[in-house]
file final_23.json (JSON, C-alpha atoms)
[["chain", "number", "residue", "atom", "x", "y", "z"],
["A", 1, "MET", "CA", -8.36, 13.79, 4.32],
["A", 2, "PRO", "CA", -11.81, 14.60, 2.91],
["A", 3, "ARG", "CA", -13.96, 11.55, 2.20],
["A", 4, "GLN", "CA", -15.53, 13.60, -0.56],
["A", 5, "TYR", "CA", -12.27, 13.29, -2.50],
["A", 6, "VAL", "CA", -12.47, 9.49, -2.66],
["A", 7, "THR", "CA", -16.21, 9.65, -3.32],
["A", 8, "GLU", "CA", -15.48, 11.75, -6.41],
["A", 9, "LEU", "CA", -12.95, 9.15, -7.58],
["A", 10, "ALA", "CA", -15.66, 6.49, -7.23],
["A", 11, "ASP", "CA", -18.08, 8.69, -9.19],
["A", 12, "ALA", "CA", -15.47, 9.04, -11.93],
["A", 13, "LEU", "CA", -15.35, 5.26, -12.35],
["A", 14, "LEU", "CA", -19.12, 4.95, -12.13],
["A", 15, "ALA", "CA", -19.31, 7.36, -15.07],
["A", 16, "GLU", "CA", -17.27, 4.95, -17.22],
["A", 17, "PRO", "CA", -19.75, 2.42, -18.67],
["A", 18, "GLY", "CA", -17.01, -0.10, -19.47],
["A", 19, "ALA", "CA", -15.74, -0.28, -15.91],
["A", 20, "GLY", "CA", -18.51, -2.18, -14.11],
["A", 21, "LEU", "CA", -17.51, -0.81, -10.73],
["A", 22, "VAL", "CA", -17.78, -3.23, -7.78],
["A", 23, "GLY", "CA", -16.18, -1.20, -4.98],
["A", 24, "VAL", "CA", -13.74, 1.56, -4.05],
["A", 25, "TYR", "CA", -11.65, 1.09, -0.90],
["A", 26, "LEU", "CA", -9.46, 3.46, 1.06],
["A", 27, "HIS", "CA", -6.38, 1.81, 2.56],
["A", 28, "GLY", "CA", -2.91, 2.82, 3.74],
["A", 29, "SER", "CA", -2.25, 5.46, 6.37],
["A", 30, "ALA", "CA", -5.71, 7.01, 5.99],
["A", 31, "VAL", "CA", -7.20, 3.92, 7.64],
["A", 32, "LEU", "CA", -4.22, 2.51, 9.56],
["A", 33, "GLY", "CA", -3.41, 5.84, 11.24],
["A", 34, "GLY", "CA", -0.47, 8.13, 10.74],
["A", 35, "TYR", "CA", -1.92, 10.07, 7.80],
["A", 36, "ILE", "CA", -0.13, 13.42, 7.43],
["A", 37, "ALA", "CA", -1.79, 15.83, 5.02],
["A", 38, "SER", "CA", 1.49, 17.48, 4.07],
["A", 39, "GLY", "CA", 3.25, 14.28, 3.07],
["A", 40, "SER", "CA", 1.08, 11.16, 2.99],
["A", 41, "ASP", "CA", -0.48, 9.69, -0.13],
["A", 42, "VAL", "CA", -4.15, 8.82, -0.25],
["A", 43, "ASP", "CA", -4.12, 5.10, -1.11],
["A", 44, "VAL", "CA", -7.13, 3.77, -2.98],
["A", 45, "LEU", "CA", -7.89, 0.35, -4.46],
["A", 46, "ALA", "CA", -10.84, 0.03, -6.84],
["A", 47, "VAL", "CA", -12.41, -3.25, -7.92],
["A", 48, "ILE", "CA", -14.26, -3.70, -11.21],
["A", 49, "ALA", "CA", -16.28, -6.63, -12.49],
["A", 50, "GLU", "CA", -14.29, -7.83, -15.51],
["A", 51, "PRO", "CA", -10.97, -7.29, -17.30],
["A", 52, "THR", "CA", -10.95, -4.32, -19.66],
["A", 53, "ASP", "CA", -9.13, -3.44, -22.86],
["A", 54, "VAL", "CA", -6.70, -0.59, -23.37],
["A", 55, "ARG", "CA", -9.45, 1.79, -24.53],
["A", 56, "VAL", "CA", -11.46, 1.42, -21.34],
["A", 57, "GLN", "CA", -8.29, 1.58, -19.22],
["A", 58, "GLY", "CA", -7.34, 4.82, -20.97],
["A", 59, "ARG", "CA", -10.73, 6.35, -20.31],
["A", 60, "MET", "CA", -10.59, 5.32, -16.63],
["A", 61, "ARG", "CA", -7.15, 6.90, -16.37],
["A", 62, "ASP", "CA", -8.34, 10.17, -17.90],
["A", 63, "ARG", "CA", -11.39, 10.36, -15.63],
["A", 64, "LEU", "CA", -9.38, 9.64, -12.48],
["A", 65, "VAL", "CA", -6.56, 12.05, -13.31],
["A", 66, "SER", "CA", -9.04, 14.82, -14.14],
["A", 67, "THR", "CA", -10.87, 14.26, -10.86],
["A", 68, "ALA", "CA", -7.71, 14.10, -8.73],
["A", 69, "ARG", "CA", -6.36, 17.32, -10.22],
["A", 70, "ARG", "CA", -9.34, 19.18, -8.78],
["A", 71, "TRP", "CA", -7.76, 18.53, -5.36],
["A", 72, "PRO", "CA", -4.22, 19.86, -5.88],
["A", 73, "THR", "CA", -3.15, 19.54, -2.22],
["A", 74, "ILE", "CA", -3.85, 15.78, -2.08],
["A", 75, "LYS", "CA", -1.46, 13.12, -3.38],
["A", 76, "LEU", "CA", -3.14, 10.05, -4.86],
["A", 77, "GLU", "CA", -1.88, 6.52, -5.38],
["A", 78, "MET", "CA", -4.60, 4.33, -6.84],
["A", 79, "SER", "CA", -4.91, 0.93, -8.47],
["A", 80, "VAL", "CA", -7.80, -0.74, -10.27],
["A", 81, "ILE", "CA", -8.13, -4.54, -10.26],
["A", 82, "THR", "CA", -10.84, -7.04, -11.15],
["A", 83, "ALA", "CA", -13.08, -8.88, -8.71],
["A", 84, "ALA", "CA", -11.41, -12.13, -9.77],
["A", 85, "THR", "CA", -8.02, -10.74, -8.77],
["A", 86, "ALA", "CA", -9.39, -9.52, -5.43],
["A", 87, "ALA", "CA", -10.68, -13.04, -4.78],
["A", 88, "ASP", "CA", -7.45, -14.74, -5.92],
["A", 89, "LEU", "CA", -4.41, -12.53, -6.50],
["A", 90, "GLY", "CA", -2.59, -15.06, -8.65],
["A", 91, "ASP", "CA", 0.14, -13.19, -10.55],
["A", 92, "CYS", "CA", -1.32, -9.84, -9.36],
["A", 93, "PRO", "CA", -2.69, -8.52, -12.67],
["A", 94, "TYR", "CA", -4.10, -5.01, -12.64],
["A", 95, "GLU", "CA", -6.18, -2.84, -14.92],
["A", 96, "LEU", "CA", -4.65, 0.54, -14.06],
["A", 97, "HIS", "CA", -2.22, 2.31, -11.76],
["A", 98, "VAL", "CA", -2.51, 6.07, -11.27],
["A", 99, "VAL", "CA", -0.31, 8.43, -9.25],
["A", 100, "VAL", "CA", -1.26, 12.11, -9.05],
["A", 101, "GLY", "CA", 0.82, 14.54, -7.02],
["A", 102, "ASP", "CA", 3.74, 16.74, -7.98],
["A", 103, "GLU", "CA", 3.65, 14.78, -11.23],
["A", 104, "VAL", "CA", 1.18, 12.45, -12.92],
["A", 105, "ARG", "CA", 2.08, 8.84, -13.70],
["A", 106, "ALA", "CA", -0.26, 6.22, -15.05],
["A", 107, "VAL", "CA", 0.27, 2.67, -16.28],
["A", 108, "LEU", "CA", -2.39, 0.77, -18.19],
["A", 109, "GLY", "CA", -2.45, -2.86, -17.13],
["A", 110, "ALA", "CA", -3.09, -4.38, -20.57],
["A", 111, "GLY", "CA", -0.02, -6.41, -21.56],
["A", 112, "GLN", "CA", 1.87, -5.63, -18.34],
["A", 113, "ASP", "CA", 3.34, -8.04, -15.80],
["A", 114, "GLY", "CA", 1.57, -8.29, -12.47],
["A", 115, "ASP", "CA", 2.35, -5.97, -9.57],
["A", 116, "PRO", "CA", 3.37, -7.74, -6.32],
["A", 117, "ASP", "CA", 2.64, -4.56, -4.34],
["A", 118, "LEU", "CA", -1.01, -5.58, -4.65],
["A", 119, "ILE", "CA", -0.42, -8.39, -2.14],
["A", 120, "LEU", "CA", -0.17, -5.98, 0.78],
["A", 121, "TYR", "CA", -2.67, -3.51, -0.66],
["A", 122, "ALA", "CA", -5.30, -6.24, -0.88],
["A", 123, "GLU", "CA", -4.63, -7.62, 2.59],
["A", 124, "VAL", "CA", -4.74, -4.18, 4.20],
["A", 125, "CYS", "CA", -8.02, -3.57, 2.37],
["A", 126, "ARG", "CA", -9.44, -6.89, 3.58],
["A", 127, "ARG", "CA", -8.53, -6.18, 7.21],
["A", 128, "HIS", "CA", -8.93, -2.43, 7.46],
["A", 129, "GLY", "CA", -10.20, -0.99, 4.17],
["A", 130, "LEU", "CA", -12.93, 1.64, 4.23],
["A", 131, "ALA", "CA", -15.59, 0.99, 1.58],
["A", 132, "VAL", "CA", -16.36, 4.35, -0.01],
["A", 133, "TYR", "CA", -18.48, 2.55, -2.58],
["A", 134, "GLY", "CA", -19.61, -1.07, -2.70],
["A", 135, "PRO", "CA", -19.78, -3.94, -0.21],
["A", 136, "PRO", "CA", -17.51, -4.27, 2.83],
["A", 137, "ALA", "CA", -13.95, -5.12, 1.89],
["A", 138, "GLY", "CA", -14.10, -8.47, 3.66],
["A", 139, "GLN", "CA", -16.70, -9.61, 1.15],
["A", 140, "VAL", "CA", -14.51, -8.71, -1.84],
["A", 141, "PHE", "CA", -10.91, -9.51, -0.86],
["A", 142, "ALA", "CA", -9.84, -13.05, 0.02],
["A", 143, "PRO", "CA", -7.17, -13.64, 2.70],
["A", 144, "VAL", "CA", -3.61, -13.76, 1.43],
["A", 145, "PRO", "CA", -1.83, -16.97, 2.49],
["A", 146, "PRO", "CA", 0.54, -16.26, 5.42],
["A", 147, "ALA", "CA", 3.67, -17.48, 3.61],
["A", 148, "ARG", "CA", 2.99, -15.16, 0.69],
["A", 149, "LEU", "CA", 2.23, -12.28, 3.01],
["A", 150, "ILE", "CA", 5.48, -12.54, 4.98],
["A", 151, "ARG", "CA", 7.45, -12.67, 1.72],
["A", 152, "ALA", "CA", 5.69, -9.54, 0.53],
["A", 153, "VAL", "CA", 6.46, -7.77, 3.82],
["A", 154, "ARG", "CA", 10.13, -8.72, 3.54],
["A", 155, "ASP", "CA", 10.31, -7.61, -0.09],
["A", 156, "GLU", "CA", 8.81, -4.23, 0.80],
["A", 157, "VAL", "CA", 11.49, -3.73, 3.46],
["A", 158, "ARG", "CA", 14.14, -4.70, 0.90],
["A", 159, "TRP", "CA", 12.75, -2.12, -1.53],
["A", 160, "GLY", "CA", 12.88, 0.53, 1.19],
["A", 161, "GLN", "CA", 16.47, -0.39, 1.97],
["A", 162, "GLN", "CA", 17.43, 0.16, -1.66],
["A", 163, "HIS", "CA", 15.24, 3.12, -2.61],
["A", 164, "GLY", "CA", 13.70, 4.75, 0.46],
["A", 165, "HIS", "CA", 14.73, 7.68, 2.60],
["A", 166, "LEU", "CA", 15.54, 7.17, 6.27],
["A", 167, "SER", "CA", 12.11, 7.43, 7.87],
["A", 168, "TYR", "CA", 10.44, 5.31, 5.21],
["A", 169, "ALA", "CA", 13.01, 2.51, 5.34],
["A", 170, "VAL", "CA", 13.37, 2.40, 9.12],
["A", 171, "LEU", "CA", 9.68, 2.64, 10.03],
["A", 172, "ASN", "CA", 8.71, 0.21, 7.30],
["A", 173, "ALA", "CA", 11.21, -2.22, 8.82],
["A", 174, "CYS", "CA", 9.68, -1.65, 12.26],
["A", 175, "ARG", "CA", 6.15, -2.44, 11.19],
["A", 176, "ALA", "CA", 7.42, -5.49, 9.30],
["A", 177, "VAL", "CA", 8.87, -6.90, 12.52],
["A", 178, "ARG", "CA", 5.56, -6.26, 14.24],
["A", 179, "PHE", "CA", 3.73, -8.18, 11.53],
["A", 180, "ALA", "CA", 6.21, -11.06, 11.73],
["A", 181, "THR", "CA", 5.85, -11.11, 15.53],
["A", 182, "ASP", "CA", 2.10, -10.79, 16.09],
["A", 183, "GLY", "CA", 0.44, -10.64, 12.67],
["A", 184, "VAL", "CA", -0.62, -6.99, 12.90],
["A", 185, "LEU", "CA", -0.57, -4.78, 9.80],
["A", 186, "CYS", "CA", -0.12, -1.23, 11.06],
["A", 187, "SER", "CA", 1.01, 2.24, 10.03],
["A", 188, "LYS", "CA", 4.65, 3.23, 9.92],
["A", 189, "LEU", "CA", 4.19, 5.47, 12.96],
["A", 190, "ASP", "CA", 2.54, 2.71, 14.99],
["A", 191, "GLY", "CA", 5.21, 0.25, 13.90],
["A", 192, "GLY", "CA", 7.94, 2.62, 14.98],
["A", 193, "GLN", "CA", 6.36, 3.19, 18.39],
["A", 194, "TRP", "CA", 5.89, -0.56, 18.86],
["A", 195, "MET", "CA", 9.52, -1.25, 18.01],
["A", 196, "LEU", "CA", 10.84, 1.62, 20.12],
["A", 197, "ALA", "CA", 9.11, 0.14, 23.18],
["A", 198, "ARG", "CA", 11.07, -3.08, 22.59],
["A", 199, "ARG", "CA", 14.37, -1.71, 21.30],
["A", 200, "SER", "CA", 14.83, 1.61, 23.02],
["A", 201, "GLU", "CA", 18.56, 1.34, 22.46],
["A", 202, "GLU", "CA", 18.04, 2.14, 18.75],
["A", 203, "PRO", "CA", 18.19, 5.96, 18.38],
["A", 204, "VAL", "CA", 17.58, 5.67, 14.65],
["A", 205, "ILE", "CA", 13.96, 4.69, 15.41],
["A", 206, "GLN", "CA", 13.41, 7.92, 17.35],
["A", 207, "GLN", "CA", 15.00, 9.88, 14.51],
["A", 208, "ALA", "CA", 12.74, 8.18, 11.96],
["A", 209, "LEU", "CA", 9.62, 8.85, 14.02],
["A", 210, "ALA", "CA", 10.49, 12.53, 14.37],
["A", 211, "ASP", "CA", 11.14, 12.83, 10.62],
["A", 212, "GLN", "CA", 7.86, 11.10, 9.78],
["A", 213, "ARG", "CA", 5.80, 13.35, 12.04],
["A", 214, "GLN", "CA", 7.43, 16.48, 10.61],
["A", 215, "GLY", "CA", 7.22, 15.36, 6.98],
["A", 216, "ARG", "CA", 11.00, 15.53, 6.69],
["A", 217, "THR", "CA", 13.11, 13.28, 4.46],
["A", 218, "ARG", "CA", 16.82, 12.62, 4.73],
["A", 219, "PRO", "CA", 19.18, 10.10, 3.15],
["A", 220, "MET", "CA", 19.88, 6.79, 4.80],
["A", 221, "THR", "CA", 22.66, 6.90, 7.39],
["A", 222, "ALA", "CA", 25.07, 4.10, 8.24],
["A", 223, "GLU", "CA", 23.05, 3.40, 11.40],
["A", 224, "ALA", "CA", 19.79, 3.21, 9.46],
["A", 225, "LYS", "CA", 21.34, 0.85, 6.92],
["A", 226, "ARG", "CA", 22.62, -1.39, 9.72],
["A", 227, "PHE", "CA", 19.21, -1.46, 11.40],
["A", 228, "VAL", "CA", 17.29, -2.30, 8.23],
["A", 229, "ALA", "CA", 19.80, -4.99, 7.26],
["A", 230, "GLN", "CA", 19.36, -6.57, 10.69],
["A", 231, "VAL", "CA", 15.58, -6.57, 10.26],
["A", 232, "LEU", "CA", 15.92, -8.17, 6.83],
["A", 233, "ASP", "CA", 17.94, -10.99, 8.37],
["A", 234, "GLU", "CA", 15.17, -11.52, 10.94],
["A", 235, "LEU", "CA", 12.48, -11.48, 8.27],
["A", 236, "SER", "CA", 14.36, -13.99, 6.14],
["A", 237, "LEU", "CA", 14.17, -16.41, 9.07],
["A", 238, "HIS", "CA", 10.41, -15.90, 9.26],
["A", 239, "VAL", "CA", 10.12, -16.50, 5.50],
["A", 240, "GLU", "CA", 12.06, -19.75, 5.84],
["A", 241, "GLN", "CA", 9.89, -20.84, 8.77],
["A", 242, "ALA", "CA", 6.74, -20.13, 6.74],
["A", 243, "ARG", "CA", 8.17, -22.17, 3.87],
["A", 244, "GLU", "CA", 8.91, -25.08, 6.17],
["A", 245, "ALA", "CA", 5.41, -24.92, 7.61],
["A", 246, "ARG", "CA", 3.92, -25.43, 4.16],
["A", 247, "ARG", "CA", 5.82, -28.68, 3.58]]
call {"tool": "encode", "arguments": {"input": "final_23.json", "output": "structure tokens"}}
result
Amino acid sequence: MPRQYVTELADALLAEPGAGLVGVYLHGSAVLGGYIASGSDVDVLAVIAEPTDVRVQGRMRDRLVSTARRWPTIKLEMSVITAATAADLGDCPYELHVVVGDEVRAVLGAGQDGDPDLILYAEVCRRHGLAVYGPPAGQVFAPVPPARLIRAVRDEVRWGQQHGHLSYAVLNACRAVRFATDGVLCSKLDGGQWMLARRSEEPVIQQALADQRQGRTRPMTAEAKRFVAQVLDELSLHVEQAREARR
């Protein structure tokens, strides 16, 4: 994944005078490992100084989409948030979401509800994010409280159970168990390998790993559904333990 691509996205935001760019951070599989050019998204989180209105958000969208389209083989998933949100996620407000790949989707944040996906994006940035522009991520993103983080991990597994294909749902469940066990945020491939070493009796993990490496998607099987449901039960116990610890 060419760093130049993300540098050009940063330049696009720097060219918008209303943005007040603070930093641009690469996260996801590009920094955790497991990035596959044929199938992985490039995940980017940008931080700007202050909230913007719909006009500025629209101009940021247009600049980012135009830039991303110059790299037609790369799939982009990018969010823009304020420095205040990076320091305290609160209800997870955002300025802009942009997805550019086989299709283009963009949501302006003005008037929208917050996006809880930002909980994990921000924490991965804080721990592992690559600063393409701006200060190190650890100076911009505050730690997410553990109880909130484990809930977000569980909710992501639940989303995968309901909407994901086999490799996504199974490997996402694997890395969630790793996080609940030892606090590590890792790639889907690393999570699958970690889980396979502990539960070698689960052939669906091997199947998911093979699919992920080959960029292949298939519908959830009965075995995959059983495995993910079992993981969700385990995660719910961790969520309850985290809740009790806060009392």
call {"tool": "closest_residue", "arguments": {"input": "final_23.json", "among": "A:Gly23, A:Gly192, A:Pro143, A:Gly58", "to": "A:Gly109", "atoms": "all atoms listed in the file"}}
result
A:Gly58
call {"tool": "atom_distance", "arguments": {"input": "final_23.json", "atom1": "atom CA of A:Leu26", "atom2": "atom CA of A:Pro116"}}
result
18.6 Å
call {"tool": "closest_residue", "arguments": {"input": "final_23.json", "among": "A:Val153, A:Met60, A:Met195, A:Leu166", "to": "A:Ser236", "atoms": "all atoms listed in the file"}}
result
A:Val153
call {"tool": "closest_residue", "arguments": {"input": "final_23.json", "among": "A:Ala19, A:Val124, A:Val107, A:Ile119", "to": "A:Leu89", "atoms": "all atoms listed in the file"}}
result
A:Ile119
call {"tool": "axis_aligned_box", "arguments": {"input": "final_23.json", "around": "stretch 220-226 of chain A", "padding_each_side": "6 Å", "output": "lines of an AutoDock Vina configuration file"}}
result
center_x = 22.4
center_y = 2.8
center_z = 8.1
size_x = 17.3
size_y = 20.3
size_z = 18.6
call {"tool": "closest_residue", "arguments": {"input": "final_23.json", "among": "A:Asp88, A:Glu223, A:Asp102, A:Asp117", "to": "A:Pro203", "atoms": "all atoms listed in the file"}}
result
A:Glu223
call {"tool": "closest_residue", "arguments": {"input": "final_23.json", "among": "A:Val65, A:Val100, A:Ala169, A:Val184", "to": "A:Pro219", "atoms": "only C-alpha atoms"}}
result
A:Ala169
call {"tool": "atom_distance", "arguments": {"input": "final_23.json", "atom1": "atom CA of A:Ser40", "atom2": "atom CA of A:Gln57"}}
result
25.9 Å
call {"tool": "decode", "arguments": {"input": "final_23.json", "residues": "stretch 123-148 of chain A", "atoms": "N, CA and C atoms", "output": "PDB file, in the first residue's frame"}}
result
ATOM      1  N   GLU A 123      -8.907   3.911  19.174  1.00  0.00           N
ATOM      2  CA  GLU A 123      -7.986   3.175  20.035  1.00  0.00           C
ATOM      3  C   GLU A 123      -6.890   2.486  19.226  1.00  0.00           C
ATOM      4  N   VAL A 124      -7.239   1.962  18.060  1.00  0.00           N
ATOM      5  CA  VAL A 124      -6.199   1.388  17.197  1.00  0.00           C
ATOM      6  C   VAL A 124      -5.227   2.480  16.756  1.00  0.00           C
ATOM      7  N   CYS A 125      -5.751   3.658  16.432  1.00  0.00           N
ATOM      8  CA  CYS A 125      -4.860   4.772  16.084  1.00  0.00           C
ATOM      9  C   CYS A 125      -3.938   5.110  17.247  1.00  0.00           C
ATOM     10  N   ARG A 126      -4.495   5.208  18.449  1.00  0.00           N
ATOM     11  CA  ARG A 126      -3.672   5.580  19.606  1.00  0.00           C
ATOM     12  C   ARG A 126      -2.536   4.591  19.824  1.00  0.00           C
ATOM     13  N   ARG A 127      -2.840   3.291  19.674  1.00  0.00           N
ATOM     14  CA  ARG A 127      -1.838   2.268  19.965  1.00  0.00           C
ATOM     15  C   ARG A 127      -0.883   2.015  18.794  1.00  0.00           C
ATOM     16  N   HIS A 128      -1.432   2.061  17.588  1.00  0.00           N
ATOM     17  CA  HIS A 128      -0.655   1.570  16.441  1.00  0.00           C
ATOM     18  C   HIS A 128      -0.645   2.514  15.241  1.00  0.00           C
ATOM     19  N   GLY A 129      -1.411   3.613  15.297  1.00  0.00           N
ATOM     20  CA  GLY A 129      -1.590   4.449  14.120  1.00  0.00           C
ATOM     21  C   GLY A 129      -0.293   5.045  13.596  1.00  0.00           C
ATOM     22  N   LEU A 130      -0.188   5.104  12.282  1.00  0.00           N
ATOM     23  CA  LEU A 130       0.959   5.715  11.613  1.00  0.00           C
ATOM     24  C   LEU A 130       0.591   7.147  11.235  1.00  0.00           C
ATOM     25  N   ALA A 131       1.318   8.106  11.780  1.00  0.00           N
ATOM     26  CA  ALA A 131       1.062   9.517  11.480  1.00  0.00           C
ATOM     27  C   ALA A 131       1.656   9.851  10.115  1.00  0.00           C
ATOM     28  N   VAL A 132       0.793  10.033   9.134  1.00  0.00           N
ATOM     29  CA  VAL A 132       1.235  10.454   7.806  1.00  0.00           C
ATOM     30  C   VAL A 132       1.413  11.964   7.776  1.00  0.00           C
ATOM     31  N   TYR A 133       0.638  12.631   8.608  1.00  0.00           N
ATOM     32  CA  TYR A 133       0.774  14.077   8.802  1.00  0.00           C
ATOM     33  C   TYR A 133       0.406  14.376  10.250  1.00  0.00           C
ATOM     34  N   GLY A 134       1.169  15.271  10.889  1.00  0.00           N
ATOM     35  CA  GLY A 134       0.826  15.688  12.234  1.00  0.00           C
ATOM     36  C   GLY A 134       1.614  14.971  13.310  1.00  0.00           C
ATOM     37  N   PRO A 135       1.286  15.239  14.575  1.00  0.00           N
ATOM     38  CA  PRO A 135       2.029  14.655  15.695  1.00  0.00           C
ATOM     39  C   PRO A 135       1.746  13.174  15.842  1.00  0.00           C
ATOM     40  N   PRO A 136       2.554  12.463  16.634  1.00  0.00           N
ATOM     41  CA  PRO A 136       2.272  11.042  16.884  1.00  0.00           C
ATOM     42  C   PRO A 136       0.860  10.844  17.428  1.00  0.00           C
ATOM     43  N   ALA A 137       0.271   9.718  17.065  1.00  0.00           N
ATOM     44  CA  ALA A 137      -1.121   9.467  17.430  1.00  0.00           C
ATOM     45  C   ALA A 137      -1.336   9.502  18.939  1.00  0.00           C
ATOM     46  N   GLY A 138      -0.363   9.043  19.698  1.00  0.00           N
ATOM     47  CA  GLY A 138      -0.501   9.017  21.142  1.00  0.00           C
ATOM     48  C   GLY A 138      -0.653  10.391  21.765  1.00  0.00           C
ATOM     49  N   GLN A 139      -0.284  11.428  21.026  1.00  0.00           N
ATOM     50  CA  GLN A 139      -0.446  12.797  21.519  1.00  0.00           C
ATOM     51  C   GLN A 139      -1.809  13.381  21.155  1.00  0.00           C
ATOM     52  N   VAL A 140      -2.555  12.692  20.327  1.00  0.00           N
ATOM     53  CA  VAL A 140      -3.827  13.216  19.811  1.00  0.00           C
ATOM     54  C   VAL A 140      -5.024  12.442  20.349  1.00  0.00           C
ATOM     55  N   PHE A 141      -4.878  11.117  20.455  1.00  0.00           N
ATOM     56  CA  PHE A 141      -5.990  10.257  20.859  1.00  0.00           C
ATOM     57  C   PHE A 141      -5.834   9.855  22.325  1.00  0.00           C
ATOM     58  N   ALA A 142      -6.884  10.063  23.103  1.00  0.00           N
ATOM     59  CA  ALA A 142      -6.875   9.649  24.502  1.00  0.00           C
ATOM     60  C   ALA A 142      -7.259   8.176  24.608  1.00  0.00           C
ATOM     61  N   PRO A 143      -6.810   7.486  25.657  1.00  0.00           N
ATOM     62  CA  PRO A 143      -7.206   6.075  25.837  1.00  0.00           C
ATOM     63  C   PRO A 143      -8.715   5.937  25.998  1.00  0.00           C
ATOM     64  N   VAL A 144      -9.253   4.896  25.409  1.00  0.00           N
ATOM     65  CA  VAL A 144     -10.671   4.574  25.588  1.00  0.00           C
ATOM     66  C   VAL A 144     -10.802   3.746  26.858  1.00  0.00           C
ATOM     67  N   PRO A 145     -11.743   4.081  27.747  1.00  0.00           N
ATOM     68  CA  PRO A 145     -11.908   3.289  28.969  1.00  0.00           C
ATOM     69  C   PRO A 145     -12.130   1.808  28.653  1.00  0.00           C
ATOM     70  N   PRO A 146     -11.520   0.909  29.432  1.00  0.00           N
ATOM     71  CA  PRO A 146     -11.605  -0.530  29.124  1.00  0.00           C
ATOM     72  C   PRO A 146     -13.027  -1.054  28.989  1.00  0.00           C
ATOM     73  N   ALA A 147     -13.940  -0.613  29.852  1.00  0.00           N
ATOM     74  CA  ALA A 147     -15.317  -1.115  29.784  1.00  0.00           C
ATOM     75  C   ALA A 147     -15.972  -0.721  28.466  1.00  0.00           C
ATOM     76  N   ARG A 148     -15.697   0.489  28.003  1.00  0.00           N
ATOM     77  CA  ARG A 148     -16.269   0.915  26.726  1.00  0.00           C
ATOM     78  C   ARG A 148     -15.639   0.160  25.562  1.00  0.00           C
TER      79      ARG A 148
END
